[in-house]
Amino acid sequence: MFINIHTHHPTLLPGLLEIESVYFGQVKAPVANMRSVGLHPWFLEGIEMEVANKWLHEQAALKNVVAIGEAGLDKVCKTPWDLQLLAFQHCIEISESVGKPLIIHCVRAFSEILALKKQWKPRQTWVFHGFDKNVLTAEMLLRAGCCLSFGAALLREKSPALQSLRACPGDRFFLETDDAAVSISAVYERTAELRGIKPGKLEGLLKVNFARFEYLVF
Ligand SMILES: [Zn+2]
C-alpha cells in the first residue's frame, strides 16, 4: 500500500491511502475520506478569521481529519505577514488541542517557523511538506525534531531534495504528490532507488511512520 500524505488531487485508486489537503475557503469539494484541514497562507486575504477558526475547530474534531494543514509561512506570496502569522498560530493551537500532527507549507521561512516551534514547544509532529531544500536545511529541521515529506522534487534530475532524502533517517520522512502531475507510485519507486532499498521494504517503513504519525515526539 502506498501512503500519499499530502495531495490536492486524490485518485481514489485502490491500494492507496491518500490524505487530501483542504483549506478554508476552498471551492472544490473534497473527495477523499481521509483529510487534513488548514488555513493556507495563500488564501487568507479577505477571510473572516473568526469564521475560519470556527470552521477549523469543527473540521479538526472530525475522525477522518487526521492532520492539521497545510498551514505555514510563505515569504514569496502576497498575503500580509501578520495575517500569515495569525493564521499559522491558530493552526498550531488547534493541532495541539486536538492532538493531530501539523503539515507545514514553508517558503523561505524556515528559521521563523523553527522559532515558533521553540516558543510553542508542540507535542505534535511537525511535517515540512514538499521538501526540496539541501541537506543543511534538512538537518536543521530534523535536529529541531521535525519530519520531512518529499514529492515531485525527487523526480527532477538535479534537485537538492535527492541528497536530503538520502540523508534523512528512515523514521523521519513521508511521501506525497501535492498538486503535481505525478503518481505516488512513481515517487515511491524513485525513493526506493535513491535510498537503495527494496520497494516492499520502503512500503513497510512508511506504513510504520504513518502509524506513529500522531505519536512521533522527539
Ligand atoms: Zn499542498
# chains A, B, ... in the order shown; residues from 1 in each chain; ligands from 1
>>> residues_near_ligand(ligand="ligand 1", cutoff="9 Å", atoms="only C-alpha atoms and all ligand atoms", output="list in words")
His6, Thr7, His8, Ser21, Val22, His40, Gly69, Glu70, Ile104, His105, His129, Gly130, Thr177, Asp178 and Asp179 of chain A
>>> residues_around(residues="Ile3 (chain A)", least_positions_apart="2", cutoff="9 Å", atoms="only C-alpha atoms", output="PyMOL selection string")
chain A and resi 1+5+15-19+174-176+184+203+206-207+210
>>> write_last_selection(atoms="C-alpha atoms", output="short mmCIF file (atom, residue, chain, number, x, y, z; two decimals), in the first residue's frame")
data_model
loop_
_atom_site.label_atom_id
_atom_site.label_comp_id
_atom_site.auth_asym_id
_atom_site.auth_seq_id
_atom_site.Cartn_x
_atom_site.Cartn_y
_atom_site.Cartn_z
CA MET A 1 0.00 0.00 0.00
CA ILE A 5 0.44 12.15 2.92
CA GLY A 15 -4.32 0.22 -2.74
CA LEU A 16 -3.63 3.85 -1.88
CA LEU A 17 -4.07 5.76 1.31
CA GLU A 18 -4.43 9.41 0.38
CA ILE A 19 -4.70 12.42 2.66
CA PHE A 174 6.88 10.74 4.32
CA LEU A 175 5.97 10.87 0.63
CA GLU A 176 3.39 12.94 -1.23
CA ILE A 184 2.59 8.41 -5.74
CA GLU A 203 6.28 0.46 1.86
CA LEU A 206 6.29 4.32 5.55
CA LYS A 207 3.43 2.31 7.00
CA PHE A 210 2.28 6.72 9.31
#
>>> atom_distance(atom1="CA of Ala152 (chain A)", atom2="CA of Val187 (chain A)")
6.9 Å
>>> closest_residue(among="A:Thr191, A:Lys121, A:Ala186, A:Arg143", to="Ala161 (chain A)", atoms="only C-alpha atoms")
A:Thr191
>>> atom_distance(atom1="CA of Trp120 (chain A)", atom2="CA of Phe24 (chain A)")
23.1 Å
>>> select_by_dssp(residues="region 56-154 of chain A", states="strand (DSSP E)", output="MDAnalysis selection string")
chainID A and resid 65:74 102:107 126:128 147:150
>>> write_last_selection(atoms="C-alpha atoms", output="PDB file, in the first residue's frame")
ATOM      1  CA  VAL A  65      -9.373  14.512   9.627  1.00  0.00           C
ATOM      2  CA  VAL A  66      -6.005  13.036  10.526  1.00  0.00           C
ATOM      3  CA  ALA A  67      -3.823  16.143  10.438  1.00  0.00           C
ATOM      4  CA  ILE A  68      -3.928  19.935  10.501  1.00  0.00           C
ATOM      5  CA  GLY A  69      -2.623  21.803   7.466  1.00  0.00           C
ATOM      6  CA  GLU A  70      -1.388  22.738   5.202  1.00  0.00           C
ATOM      7  CA  ALA A  71      -0.518  25.772   7.211  1.00  0.00           C
ATOM      8  CA  GLY A  72       2.586  27.851   7.462  1.00  0.00           C
ATOM      9  CA  LEU A  73       4.509  30.889   6.337  1.00  0.00           C
ATOM     10  CA  ASP A  74       5.391  31.949   2.812  1.00  0.00           C
ATOM     11  CA  LEU A 102       0.776  19.653  11.585  1.00  0.00           C
ATOM     12  CA  ILE A 103       1.560  19.655   7.847  1.00  0.00           C
ATOM     13  CA  ILE A 104       3.623  22.712   7.057  1.00  0.00           C
ATOM     14  CA  HIS A 105       3.863  24.871   3.956  1.00  0.00           C
ATOM     15  CA  CYS A 106       7.111  26.820   4.197  1.00  0.00           C
ATOM     16  CA  VAL A 107       8.641  29.153   1.659  1.00  0.00           C
ATOM     17  CA  TRP A 126       5.536  18.994  12.505  1.00  0.00           C
ATOM     18  CA  VAL A 127       5.998  17.773   8.927  1.00  0.00           C
ATOM     19  CA  PHE A 128       7.548  20.109   6.348  1.00  0.00           C
ATOM     20  CA  CYS A 147       9.807  15.373   9.839  1.00  0.00           C
ATOM     21  CA  LEU A 148      10.105  15.919   6.092  1.00  0.00           C
ATOM     22  CA  SER A 149       7.757  14.971   3.292  1.00  0.00           C
ATOM     23  CA  PHE A 150       9.183  14.545  -0.201  1.00  0.00           C
TER      24      PHE A 150
END
>>> residues_around(residues="His90 (chain A)", least_positions_apart="6", cutoff="10 Å", atoms="only C-alpha atoms", output="ChimeraX atom specification")
/A:38-39,49,52-53,56-57,71,84
>>> write_last_selection(atoms="C-alpha atoms", output="short mmCIF file (atom, residue, chain, number, x, y, z; two decimals), in the first residue's frame")
data_model
loop_
_atom_site.label_atom_id
_atom_site.label_comp_id
_atom_site.auth_asym_id
_atom_site.auth_seq_id
_atom_site.Cartn_x
_atom_site.Cartn_y
_atom_site.Cartn_z
CA GLY A 38 -5.87 24.16 7.45
CA LEU A 39 -5.64 27.86 6.80
CA MET A 49 -10.75 34.96 10.81
CA ALA A 52 -12.28 30.47 9.52
CA ASN A 53 -11.39 29.49 13.05
CA LEU A 56 -11.18 24.78 11.54
CA HIS A 57 -12.33 23.79 15.03
CA ALA A 71 -0.52 25.77 7.21
CA GLN A 84 0.03 34.65 7.94
#
>>> residues_around(residues="Trp81 (chain A)", least_positions_apart="5", cutoff="12 Å", atoms="only C-alpha atoms", output="MDAnalysis selection string")
chainID A and resid 41:42 44:45 72:76 86:88 109 112
>>> select_by_dssp(residues="region 172-210 of chain A", states="alpha helix (DSSP H)", output="list in words")
Ile184, Ser185, Ala186, Val187, Tyr188, Glu189, Arg190, Thr191, Ala192, Glu193, Leu194, Arg195, Pro199, Gly200, Lys201, Leu202, Glu203, Gly204, Leu205, Leu206, Lys207, Val208, Asn209 and Phe210 of chain A
>>> closest_residue(among="A:Met140, A:Ala29, A:Ala153, A:Ala60", to="Glu96 (chain A)", atoms="only C-alpha atoms")
A:Ala60
>>> closest_residue(among="A:Phe131, A:Arg190, A:Asp82, A:Asp171", to="Gly204 (chain A)", atoms="only C-alpha atoms")
A:Asp171
>>> atom_distance(atom1="CA of Glu139 (chain A)", atom2="CA of Lys118 (chain A)")
16.3 Å
